Amino acid sequence: MNVPFIRPRRLRVSAGIRRMVRENTLQAADLVYPLFIVPGENIEEDIASMPGVYHFSADKAVEVARKVYELGIPAVLVFGLPAYKDEQGSSAWDMHSPVQQAVSRIKEALPELTVITDVCLCQYTTHGHCGMLHGHKVDNDSTLELLAKTALSHARAGADMVAPSDMMDGRVLAIRQMLDQQGFHDVAIMSYAVKYASAFYGPFRDAADSAPQFGDRKSYQMDPANAREGLREAALDVEEGADILMVKPAMTYLDVVRQVKDSFDLPMAVYNVSGEYAMVKAAAANGWIDERRMVMEMLLSMKRSGADIIITYHALDAAQWLKEEA
Ligand code: PBG
């Protein structure tokens, strides 16, 4: 028998052929850009652990949101640093807090830009945990109403979508019921469905001033050792009415992204988190890596693993690079 000598390299000989057979691509439309909002006016402050990312006051956030929109990025994800904290985290649902203020100003200026809000209590509580404390335990059920109230305040400010990141059980249902009761049927829920207790959130907790004051988040966020449990978390959120599922962090959990993608028919998001960003920026600042090539390869790997939506601090740079390549 004459066995043919197979040459896969034939399909790599030119840029044109490589483009023809390319299985996955990255577009600006895949990206979401996170924003950190602080109280005040005319503020744009560096975040030490996240070079290139800033604390913005609501007015400045509108300017950045315009840049996001003009680059073809469809959405921003809004986080807030409140003016005050208490045991309950009541500034989370205060209509005068930075998130609510920024959301209404961004929607007024750029009605076509999708505005997503992070729903959690850790930035708003004095203890820095994502829910109500009973002693030193984070109590699930008494937290649900507060999360629902927070989501409602975001919807009232004009948010198109809310993204609960707290990892309390039953929160997607609690939020869905509250939004529906109050007439916000069209406000979607992007659930941080599969969220791990990860060291990769370190720089974010500096940026958002949200580190727990005692203990850790291991009693509510997932054990990094578990993948099958992620499918269970995702299934519950689908039943409770989530519109989009998220896996977080991204790079160290691409196997989970693929499994969730293959198991559910909802759009899939990944969160390329602060620690992943900080590692790249630090290596780039030292001249050790080619930042542009490395970022594009990382983001593409998320697409290849099944992500439809990538939340990333690299979004502005990546969209600019994509424009230059077009
Ligand atoms: C709030 C929240 C966190 C992140 C997003 N929402 C921090 C945490 O859970 O401690 C992390 C984002 C990042 O690291 O970029 N619960």
# chains A, B, ... in the order shown; residues from 1 in each chain; ligands from 1
$ residues_around --residues "Leu322 in chain A" --least-positions-apart "3" --cutoff "8 Å" --atoms "only C-alpha atoms" --output "PyMOL selection string"
chain A and resi 27-28+318-319+325-326
$ closest_atom_pairs --of "chain A" --to "ligand 1" --cutoff "7 Å" --atoms "only C-alpha atoms and all ligand atoms" --output "JSON lines"
{"residue": "A:Asp118", "atom": "CA", "partner": "ligand 1", "partner_atom_place_in_ligand_line": "6 (N)", "distance": 6.4}
{"residue": "A:Cys120", "atom": "CA", "partner": "ligand 1", "partner_atom_place_in_ligand_line": "16 (N)", "distance": 5.5}
{"residue": "A:Cys122", "atom": "CA", "partner": "ligand 1", "partner_atom_place_in_ligand_line": "16 (N)", "distance": 5.9}
{"residue": "A:Cys130", "atom": "CA", "partner": "ligand 1", "partner_atom_place_in_ligand_line": "16 (N)", "distance": 6.1}
{"residue": "A:Ser165", "atom": "CA", "partner": "ligand 1", "partner_atom_place_in_ligand_line": "16 (N)", "distance": 4.9}
{"residue": "A:Asp166", "atom": "CA", "partner": "ligand 1", "partner_atom_place_in_ligand_line": "16 (N)", "distance": 5.1}
{"residue": "A:Phe200", "atom": "CA", "partner": "ligand 1", "partner_atom_place_in_ligand_line": "14 (O)", "distance": 5.9}
{"residue": "A:Tyr201", "atom": "CA", "partner": "ligand 1", "partner_atom_place_in_ligand_line": "14 (O)", "distance": 3.4}
{"residue": "A:Gly202", "atom": "CA", "partner": "ligand 1", "partner_atom_place_in_ligand_line": "14 (O)", "distance": 6.4}
{"residue": "A:Pro203", "atom": "CA", "partner": "ligand 1", "partner_atom_place_in_ligand_line": "14 (O)", "distance": 6.4}
{"residue": "A:Phe204", "atom": "CA", "partner": "ligand 1", "partner_atom_place_in_ligand_line": "14 (O)", "distance": 4.5}
{"residue": "A:Arg205", "atom": "CA", "partner": "ligand 1", "partner_atom_place_in_ligand_line": "7 (C)", "distance": 6.1}
{"residue": "A:Ser210", "atom": "CA", "partner": "ligand 1", "partner_atom_place_in_ligand_line": "10 (O)", "distance": 6.8}
{"residue": "A:Ala211", "atom": "CA", "partner": "ligand 1", "partner_atom_place_in_ligand_line": "10 (O)", "distance": 6.7}
{"residue": "A:Asn272", "atom": "CA", "partner": "ligand 1", "partner_atom_place_in_ligand_line": "15 (O)", "distance": 6.8}
{"residue": "A:Val273", "atom": "CA", "partner": "ligand 1", "partner_atom_place_in_ligand_line": "15 (O)", "distance": 3.5}
{"residue": "A:Ser274", "atom": "CA", "partner": "ligand 1", "partner_atom_place_in_ligand_line": "15 (O)", "distance": 3.6}
{"residue": "A:Gly275", "atom": "CA", "partner": "ligand 1", "partner_atom_place_in_ligand_line": "14 (O)", "distance": 6.1}
$ write_last_selection --atoms "N, CA, C and O atoms" --output "mmCIF file, in the first residue's frame"
data_model
loop_
_atom_site.group_PDB
_atom_site.id
_atom_site.type_symbol
_atom_site.label_atom_id
_atom_site.label_comp_id
_atom_site.auth_asym_id
_atom_site.auth_seq_id
_atom_site.Cartn_x
_atom_site.Cartn_y
_atom_site.Cartn_z
ATOM 1 N N ASP A 118 -21.643 45.168 38.392
ATOM 2 C CA ASP A 118 -21.281 44.078 39.302
ATOM 3 C C ASP A 118 -22.158 44.211 40.543
ATOM 4 O O ASP A 118 -22.245 45.281 41.138
ATOM 5 N N CYS A 120 -22.505 42.988 44.235
ATOM 6 C CA CYS A 120 -21.866 42.299 45.349
ATOM 7 C C CYS A 120 -21.828 43.260 46.518
ATOM 8 O O CYS A 120 -22.063 44.452 46.350
ATOM 9 N N CYS A 122 -19.067 43.200 48.889
ATOM 10 C CA CYS A 122 -17.747 43.271 49.539
ATOM 11 C C CYS A 122 -17.102 44.657 49.497
ATOM 12 O O CYS A 122 -16.356 45.015 50.396
ATOM 13 N N CYS A 130 -18.722 39.250 51.170
ATOM 14 C CA CYS A 130 -19.701 39.463 50.102
ATOM 15 C C CYS A 130 -21.142 39.300 50.584
ATOM 16 O O CYS A 130 -22.076 39.377 49.786
ATOM 17 N N SER A 165 -21.790 38.701 41.662
ATOM 18 C CA SER A 165 -20.480 38.052 41.804
ATOM 19 C C SER A 165 -20.245 37.537 43.215
ATOM 20 O O SER A 165 -19.141 37.153 43.560
ATOM 21 N N ASP A 166 -21.295 37.500 44.022
ATOM 22 C CA ASP A 166 -21.175 37.213 45.450
ATOM 23 C C ASP A 166 -21.056 35.728 45.791
ATOM 24 O O ASP A 166 -20.574 35.364 46.841
ATOM 25 N N PHE A 200 -5.851 35.101 42.155
ATOM 26 C CA PHE A 200 -5.757 36.030 41.027
ATOM 27 C C PHE A 200 -6.618 37.288 41.183
ATOM 28 O O PHE A 200 -6.615 38.133 40.305
ATOM 29 N N TYR A 201 -7.389 37.400 42.284
ATOM 30 C CA TYR A 201 -8.176 38.621 42.502
ATOM 31 C C TYR A 201 -7.413 39.662 43.323
ATOM 32 O O TYR A 201 -7.950 40.723 43.615
ATOM 33 N N GLY A 202 -6.180 39.329 43.714
ATOM 34 C CA GLY A 202 -5.422 40.214 44.615
ATOM 35 C C GLY A 202 -5.388 41.679 44.194
ATOM 36 O O GLY A 202 -5.785 42.561 44.967
ATOM 37 N N PRO A 203 -4.937 41.986 42.971
ATOM 38 C CA PRO A 203 -4.853 43.396 42.572
ATOM 39 C C PRO A 203 -6.215 44.094 42.558
ATOM 40 O O PRO A 203 -6.320 45.266 42.913
ATOM 41 N N PHE A 204 -7.275 43.368 42.198
ATOM 42 C CA PHE A 204 -8.630 43.938 42.209
ATOM 43 C C PHE A 204 -9.016 44.381 43.611
ATOM 44 O O PHE A 204 -9.619 45.428 43.808
ATOM 45 N N ARG A 205 -8.671 43.569 44.606
ATOM 46 C CA ARG A 205 -9.088 43.910 45.974
ATOM 47 C C ARG A 205 -8.381 45.169 46.459
ATOM 48 O O ARG A 205 -8.939 45.921 47.244
ATOM 49 N N SER A 210 -11.675 45.975 48.721
ATOM 50 C CA SER A 210 -12.707 44.997 49.065
ATOM 51 C C SER A 210 -12.142 43.715 49.676
ATOM 52 O O SER A 210 -12.800 42.686 49.654
ATOM 53 N N ALA A 211 -10.927 43.783 50.215
ATOM 54 C CA ALA A 211 -10.352 42.573 50.820
ATOM 55 C C ALA A 211 -11.099 42.236 52.109
ATOM 56 O O ALA A 211 -11.442 43.133 52.875
ATOM 57 N N ASN A 272 -11.197 37.651 32.553
ATOM 58 C CA ASN A 272 -9.731 37.688 32.553
ATOM 59 C C ASN A 272 -9.334 38.670 33.684
ATOM 60 O O ASN A 272 -9.288 39.864 33.477
ATOM 61 N N VAL A 273 -9.088 38.115 34.879
ATOM 62 C CA VAL A 273 -9.099 38.934 36.099
ATOM 63 C C VAL A 273 -7.816 39.734 36.347
ATOM 64 O O VAL A 273 -6.825 39.596 35.619
ATOM 65 N N SER A 274 -7.860 40.501 37.418
ATOM 66 C CA SER A 274 -6.806 41.472 37.732
ATOM 67 C C SER A 274 -5.415 40.836 37.854
ATOM 68 O O SER A 274 -4.437 41.419 37.388
ATOM 69 N N GLY A 275 -5.320 39.667 38.480
ATOM 70 C CA GLY A 275 -4.003 39.039 38.650
ATOM 71 C C GLY A 275 -3.414 38.582 37.326
ATOM 72 O O GLY A 275 -2.195 38.635 37.121
#
$ residues_around --residues "Val115 in chain A" --least-positions-apart "2" --cutoff "9 Å" --atoms "only C-alpha atoms" --output "CSV table (one decimal) with N, CA and C atoms, in the first residue's frame"
chain,number,residue,atom,x,y,z
A,74,PRO,N,-18.7,46.5,22.9
A,74,PRO,CA,-20.2,46.7,23.1
A,74,PRO,C,-20.6,47.0,24.6
A,75,ALA,N,-19.7,46.8,25.6
A,75,ALA,CA,-20.2,46.9,26.9
A,75,ALA,C,-19.1,47.3,27.9
A,76,VAL,N,-19.5,47.9,29.0
A,76,VAL,CA,-18.7,48.2,30.2
A,76,VAL,C,-19.3,47.4,31.4
A,77,LEU,N,-18.4,47.0,32.3
A,77,LEU,CA,-18.8,46.4,33.6
A,77,LEU,C,-18.4,47.4,34.7
A,78,VAL,N,-19.4,47.9,35.4
A,78,VAL,CA,-19.2,49.0,36.4
A,78,VAL,C,-19.0,48.4,37.8
A,103,VAL,N,-23.7,54.9,36.1
A,103,VAL,CA,-24.6,54.2,35.2
A,103,VAL,C,-25.6,55.2,34.5
A,106,ILE,N,-23.6,57.5,32.1
A,106,ILE,CA,-23.1,56.8,30.9
A,106,ILE,C,-24.3,56.5,29.9
A,107,LYS,N,-25.4,56.0,30.5
A,107,LYS,CA,-26.6,55.7,29.6
A,107,LYS,C,-27.1,57.0,29.0
A,113,LEU,N,-24.4,52.0,24.3
A,113,LEU,CA,-23.4,51.2,25.0
A,113,LEU,C,-24.1,50.4,26.1
A,117,THR,N,-23.6,46.0,35.5
A,117,THR,CA,-23.1,46.3,36.8
A,117,THR,C,-22.7,45.1,37.6
A,158,GLY,N,-30.5,52.6,35.3
A,158,GLY,CA,-30.5,52.4,33.9
A,158,GLY,C,-29.6,51.3,33.4
A,159,ALA,N,-29.1,50.4,34.3
A,159,ALA,CA,-28.3,49.3,33.8
A,159,ALA,C,-29.1,48.4,32.9
A,160,ASP,N,-28.4,47.9,31.9
A,160,ASP,CA,-29.0,47.0,30.9
A,160,ASP,C,-28.9,45.5,31.4
A,161,MET,N,-27.9,45.3,32.3
A,161,MET,CA,-27.6,43.9,32.7
A,161,MET,C,-27.0,44.0,34.1
A,162,VAL,N,-27.3,43.0,35.0
A,162,VAL,CA,-26.6,43.0,36.3
A,162,VAL,C,-25.8,41.7,36.4
$ select_by_dssp --residues "range 94-223 of chain A" --states "strand (DSSP E)" --output "ChimeraX atom specification"
/A:114-119,132-134,137-139,161-164,188-195
$ write_last_selection --atoms "N, CA and C atoms" --output "PDB file, in the first residue's frame"
ATOM      1  N   THR A 114     -23.843  49.112  26.077  1.00  0.00           N
ATOM      2  CA  THR A 114     -24.456  48.255  27.097  1.00  0.00           C
ATOM      3  C   THR A 114     -23.733  48.460  28.425  1.00  0.00           C
ATOM      4  N   VAL A 115     -24.521  48.707  29.458  1.00  0.00           N
ATOM      5  CA  VAL A 115     -23.929  48.922  30.779  1.00  0.00           C
ATOM      6  C   VAL A 115     -24.311  47.764  31.698  1.00  0.00           C
ATOM      7  N   ILE A 116     -23.288  47.065  32.157  1.00  0.00           N
ATOM      8  CA  ILE A 116     -23.448  45.930  33.070  1.00  0.00           C
ATOM      9  C   ILE A 116     -22.920  46.378  34.431  1.00  0.00           C
ATOM     10  N   THR A 117     -23.581  45.972  35.510  1.00  0.00           N
ATOM     11  CA  THR A 117     -23.078  46.326  36.840  1.00  0.00           C
ATOM     12  C   THR A 117     -22.721  45.069  37.622  1.00  0.00           C
ATOM     13  N   ASP A 118     -21.643  45.168  38.392  1.00  0.00           N
ATOM     14  CA  ASP A 118     -21.281  44.078  39.302  1.00  0.00           C
ATOM     15  C   ASP A 118     -22.158  44.211  40.543  1.00  0.00           C
ATOM     16  N   VAL A 119     -22.830  43.119  40.917  1.00  0.00           N
ATOM     17  CA  VAL A 119     -23.671  43.126  42.114  1.00  0.00           C
ATOM     18  C   VAL A 119     -22.989  42.297  43.185  1.00  0.00           C
ATOM     19  N   MET A 132     -23.974  39.106  54.453  1.00  0.00           N
ATOM     20  CA  MET A 132     -24.240  39.453  55.848  1.00  0.00           C
ATOM     21  C   MET A 132     -23.507  38.509  56.784  1.00  0.00           C
ATOM     22  N   LEU A 133     -22.997  39.045  57.871  1.00  0.00           N
ATOM     23  CA  LEU A 133     -22.326  38.203  58.850  1.00  0.00           C
ATOM     24  C   LEU A 133     -23.283  37.794  59.957  1.00  0.00           C
ATOM     25  N   HIS A 134     -23.182  36.503  60.340  1.00  0.00           N
ATOM     26  CA  HIS A 134     -23.740  36.034  61.598  1.00  0.00           C
ATOM     27  C   HIS A 134     -22.552  35.518  62.377  1.00  0.00           C
ATOM     28  N   LYS A 137     -19.581  34.005  60.402  1.00  0.00           N
ATOM     29  CA  LYS A 137     -20.047  33.254  59.238  1.00  0.00           C
ATOM     30  C   LYS A 137     -20.794  34.176  58.280  1.00  0.00           C
ATOM     31  N   VAL A 138     -20.613  33.932  56.988  1.00  0.00           N
ATOM     32  CA  VAL A 138     -21.349  34.706  55.995  1.00  0.00           C
ATOM     33  C   VAL A 138     -22.682  34.000  55.761  1.00  0.00           C
ATOM     34  N   ASP A 139     -23.767  34.710  56.106  1.00  0.00           N
ATOM     35  CA  ASP A 139     -25.101  34.101  56.078  1.00  0.00           C
ATOM     36  C   ASP A 139     -25.719  34.244  54.684  1.00  0.00           C
ATOM     37  N   MET A 161     -27.922  45.303  32.305  1.00  0.00           N
ATOM     38  CA  MET A 161     -27.633  43.935  32.738  1.00  0.00           C
ATOM     39  C   MET A 161     -26.979  44.010  34.110  1.00  0.00           C
ATOM     40  N   VAL A 162     -27.310  43.048  34.988  1.00  0.00           N
ATOM     41  CA  VAL A 162     -26.639  42.994  36.297  1.00  0.00           C
ATOM     42  C   VAL A 162     -25.847  41.689  36.389  1.00  0.00           C
ATOM     43  N   ALA A 163     -24.715  41.767  37.089  1.00  0.00           N
ATOM     44  CA  ALA A 163     -23.814  40.616  37.154  1.00  0.00           C
ATOM     45  C   ALA A 163     -23.489  40.292  38.610  1.00  0.00           C
ATOM     46  N   PRO A 164     -24.257  39.391  39.235  1.00  0.00           N
ATOM     47  CA  PRO A 164     -23.983  39.041  40.631  1.00  0.00           C
ATOM     48  C   PRO A 164     -22.698  38.215  40.767  1.00  0.00           C
ATOM     49  N   ALA A 188     -31.153  41.968  31.934  1.00  0.00           N
ATOM     50  CA  ALA A 188     -30.612  40.602  31.896  1.00  0.00           C
ATOM     51  C   ALA A 188     -29.695  40.334  33.093  1.00  0.00           C
ATOM     52  N   ILE A 189     -29.509  39.053  33.383  1.00  0.00           N
ATOM     53  CA  ILE A 189     -28.581  38.648  34.453  1.00  0.00           C
ATOM     54  C   ILE A 189     -27.418  37.861  33.855  1.00  0.00           C
ATOM     55  N   MET A 190     -26.225  38.433  34.009  1.00  0.00           N
ATOM     56  CA  MET A 190     -24.999  37.707  33.669  1.00  0.00           C
ATOM     57  C   MET A 190     -24.474  37.160  34.980  1.00  0.00           C
ATOM     58  N   SER A 191     -24.567  35.864  35.174  1.00  0.00           N
ATOM     59  CA  SER A 191     -24.198  35.293  36.462  1.00  0.00           C
ATOM     60  C   SER A 191     -22.729  34.887  36.509  1.00  0.00           C
ATOM     61  N   TYR A 192     -22.036  35.343  37.561  1.00  0.00           N
ATOM     62  CA  TYR A 192     -20.724  34.792  37.854  1.00  0.00           C
ATOM     63  C   TYR A 192     -21.013  33.396  38.402  1.00  0.00           C
ATOM     64  N   ALA A 193     -21.354  32.481  37.517  1.00  0.00           N
ATOM     65  CA  ALA A 193     -21.875  31.175  37.936  1.00  0.00           C
ATOM     66  C   ALA A 193     -20.786  30.298  38.543  1.00  0.00           C
ATOM     67  N   VAL A 194     -19.626  30.305  37.888  1.00  0.00           N
ATOM     68  CA  VAL A 194     -18.534  29.430  38.293  1.00  0.00           C
ATOM     69  C   VAL A 194     -17.364  30.319  38.681  1.00  0.00           C
ATOM     70  N   LYS A 195     -17.379  30.710  39.945  1.00  0.00           N
ATOM     71  CA  LYS A 195     -16.375  31.659  40.422  1.00  0.00           C
ATOM     72  C   LYS A 195     -15.548  31.012  41.525  1.00  0.00           C
TER      73      LYS A 195
END
$ residues_around --residues "Glu297 in chain A" --least-positions-apart "5" --cutoff "12 Å" --atoms "only C-alpha atoms" --output "VMD selection string"
chain A and resid 24 to 26 251 280 290 to 292 302 to 304 318
$ write_last_selection --atoms "C-alpha atoms" --output "PDB file, in the first residue's frame"
ATOM      1  CA  ASN A  24     -11.330  31.196  15.842  1.00  0.00           C
ATOM      2  CA  THR A  25     -11.034  34.954  15.727  1.00  0.00           C
ATOM      3  CA  LEU A  26     -11.113  37.780  18.206  1.00  0.00           C
ATOM      4  CA  MET A 251      -6.613  31.478  32.012  1.00  0.00           C
ATOM      5  CA  VAL A 280       1.370  40.537  31.936  1.00  0.00           C
ATOM      6  CA  ASP A 290       5.956  41.052  23.777  1.00  0.00           C
ATOM      7  CA  GLU A 291       2.828  42.443  25.464  1.00  0.00           C
ATOM      8  CA  ARG A 292       0.763  42.842  22.328  1.00  0.00           C
ATOM      9  CA  MET A 302     -10.374  32.104  25.707  1.00  0.00           C
ATOM     10  CA  LYS A 303     -12.345  32.219  22.461  1.00  0.00           C
ATOM     11  CA  ARG A 304     -10.958  28.822  21.442  1.00  0.00           C
ATOM     12  CA  ALA A 318      -6.856  44.869  22.225  1.00  0.00           C
TER      13      ALA A 318
END
$ closest_residue --among "A:Glu23, A:Glu239, A:Asp262, A:Glu70" --to "Leu316 in chain A" --atoms "only C-alpha atoms"
A:Glu70
$ closest_residue --among "A:Ala151, A:Gly128, A:Leu146, A:Tyr54" --to "Pro212 in chain A" --atoms "only C-alpha atoms"
A:Gly128
$ residues_around --residues "Pro51 in chain A" --least-positions-apart "4" --cutoff "10 Å" --atoms "only C-alpha atoms" --output "count of residues only"
8
$ select_by_dssp --residues "range 63-134 of chain A" --states "helix (DSSP H, G or I)" --output "compact mmCIF listing (two decimals) with N, CA, C and O atoms, in the first residue's frame"
# COMPACT_ATOMS: atom_id res chain seq x y z
N GLU A 63 -16.28 59.81 29.77
CA GLU A 63 -15.28 60.02 28.71
C GLU A 63 -14.65 58.70 28.28
O GLU A 63 -14.44 58.45 27.09
N VAL A 64 -14.32 57.87 29.25
CA VAL A 64 -13.71 56.57 28.91
C VAL A 64 -14.73 55.69 28.19
O VAL A 64 -14.39 54.99 27.23
N ALA A 65 -15.98 55.73 28.68
CA ALA A 65 -17.02 54.92 28.06
C ALA A 65 -17.18 55.31 26.58
O ALA A 65 -17.42 54.46 25.73
N ARG A 66 -16.99 56.60 26.30
CA ARG A 66 -17.08 57.04 24.90
C ARG A 66 -15.97 56.41 24.07
O ARG A 66 -16.19 55.95 22.95
N LYS A 67 -14.77 56.34 24.63
CA LYS A 67 -13.64 55.70 23.96
C LYS A 67 -13.96 54.21 23.70
O LYS A 67 -13.71 53.69 22.62
N VAL A 68 -14.50 53.56 24.71
CA VAL A 68 -14.89 52.15 24.61
C VAL A 68 -15.86 51.97 23.44
O VAL A 68 -15.68 51.11 22.58
N TYR A 69 -16.87 52.82 23.43
CA TYR A 69 -17.92 52.73 22.40
C TYR A 69 -17.33 52.98 21.01
O TYR A 69 -17.63 52.24 20.06
N GLU A 70 -16.47 53.97 20.90
CA GLU A 70 -15.90 54.31 19.59
C GLU A 70 -14.98 53.22 19.06
O GLU A 70 -14.79 53.07 17.86
N SER A 90 -24.94 49.13 53.03
CA SER A 90 -26.12 49.83 52.51
C SER A 90 -25.79 50.83 51.39
O SER A 90 -26.68 51.23 50.63
N SER A 91 -24.52 51.24 51.27
CA SER A 91 -24.19 52.14 50.15
C SER A 91 -24.28 51.40 48.81
O SER A 91 -24.27 52.03 47.75
N ALA A 92 -24.43 50.07 48.86
CA ALA A 92 -24.55 49.30 47.61
C ALA A 92 -25.83 49.62 46.87
O ALA A 92 -25.87 49.55 45.64
N TRP A 93 -26.90 49.98 47.61
CA TRP A 93 -28.17 50.28 46.93
C TRP A 93 -28.58 51.75 47.06
O TRP A 93 -29.72 52.10 46.83
N PRO A 98 -21.48 55.82 43.71
CA PRO A 98 -20.78 55.97 42.43
C PRO A 98 -21.33 55.10 41.29
O PRO A 98 -21.44 55.59 40.16
N VAL A 99 -21.69 53.85 41.55
CA VAL A 99 -22.17 52.99 40.46
C VAL A 99 -23.46 53.57 39.85
O VAL A 99 -23.57 53.73 38.63
N GLN A 100 -24.42 53.86 40.72
CA GLN A 100 -25.72 54.36 40.24
C GLN A 100 -25.52 55.68 39.47
O GLN A 100 -26.14 55.89 38.43
N GLN A 101 -24.65 56.55 40.01
CA GLN A 101 -24.40 57.83 39.35
C GLN A 101 -23.74 57.62 37.98
O GLN A 101 -24.14 58.23 36.99
N ALA A 102 -22.74 56.75 37.94
CA ALA A 102 -22.02 56.53 36.68
C ALA A 102 -22.93 55.87 35.65
O ALA A 102 -22.92 56.24 34.47
N VAL A 103 -23.73 54.92 36.09
CA VAL A 103 -24.61 54.21 35.15
C VAL A 103 -25.56 55.21 34.49
O VAL A 103 -25.70 55.22 33.26
N SER A 104 -26.20 56.07 35.28
CA SER A 104 -27.17 56.96 34.65
C SER A 104 -26.48 57.96 33.74
O SER A 104 -27.00 58.29 32.67
N ARG A 105 -25.27 58.41 34.11
CA ARG A 105 -24.58 59.37 33.25
C ARG A 105 -24.08 58.71 31.96
O ARG A 105 -24.13 59.31 30.89
N ILE A 106 -23.60 57.49 32.06
CA ILE A 106 -23.12 56.80 30.85
C ILE A 106 -24.29 56.51 29.92
O ILE A 106 -24.22 56.75 28.71
N LYS A 107 -25.41 56.03 30.48
CA LYS A 107 -26.57 55.70 29.63
C LYS A 107 -27.14 56.96 28.97
O LYS A 107 -27.60 56.91 27.82
N GLU A 108 -27.08 58.08 29.69
CA GLU A 108 -27.59 59.33 29.12
C GLU A 108 -26.71 59.76 27.93
O GLU A 108 -27.22 60.15 26.88
N ALA A 109 -25.40 59.65 28.11
CA ALA A 109 -24.48 60.11 27.06
C ALA A 109 -24.38 59.11 25.91
O ALA A 109 -24.19 59.50 24.75
$ closest_residue --among "A:Met222, A:Met294, A:Val270, A:Met20" --to "Thr312 in chain A" --atoms "only C-alpha atoms"
A:Val270
$ atom_distance --atom1 "CA of Lys85 in chain A" --atom2 "CA of Asp237 in chain A"
29.0 Å
$ closest_residue --among "A:Ile310, A:Leu121, A:Val260, A:Ile43" --to "Glu87 in chain A" --atoms "only C-alpha atoms"
A:Leu121
$ residues_around --residues "Gly170 in chain A" --least-positions-apart "6" --cutoff "10 Å" --atoms "only C-alpha atoms" --output "short mmCIF file (atom, residue, chain, number, x, y, z; two decimals) with N, CA and C atoms, in the first residue's frame"
data_model
loop_
_atom_site.label_atom_id
_atom_site.label_comp_id
_atom_site.auth_asym_id
_atom_site.auth_seq_id
_atom_site.Cartn_x
_atom_site.Cartn_y
_atom_site.Cartn_z
N ASN A 140 -26.11 33.11 54.14
CA ASN A 140 -26.60 33.10 52.76
C ASN A 140 -27.94 33.83 52.61
N ASP A 141 -28.96 33.36 53.35
CA ASP A 141 -30.33 33.76 53.01
C ASP A 141 -30.65 35.22 53.33
N LEU A 144 -29.61 37.58 50.45
CA LEU A 144 -30.28 37.58 49.15
C LEU A 144 -31.10 38.85 48.91
N LEU A 236 -27.62 25.24 38.17
CA LEU A 236 -28.53 25.91 39.10
C LEU A 236 -28.86 27.32 38.62
N ASP A 237 -27.85 28.03 38.14
CA ASP A 237 -28.08 29.40 37.69
C ASP A 237 -28.95 29.43 36.43
N GLU A 240 -32.41 29.05 37.65
CA GLU A 240 -32.89 30.25 38.35
C GLU A 240 -33.13 31.42 37.41
#
$ atom_distance --atom1 "CA of Arg258 in chain A" --atom2 "CA of Asn226 in chain A"
14.1 Å
$ atom_distance --atom1 "CA of Asp86 in chain A" --atom2 "CA of Asp169 in chain A"
22.8 Å
$ closest_residue --among "A:Ser49, A:Ser57, A:Thr150, A:Ser263" --to "Leu179 in chain A" --atoms "only C-alpha atoms"
A:Thr150
$ closest_residue --among "A:Val238, A:Ile309, A:Leu231, A:Ala157" --to "Arg176 in chain A" --atoms "only C-alpha atoms"
A:Val238
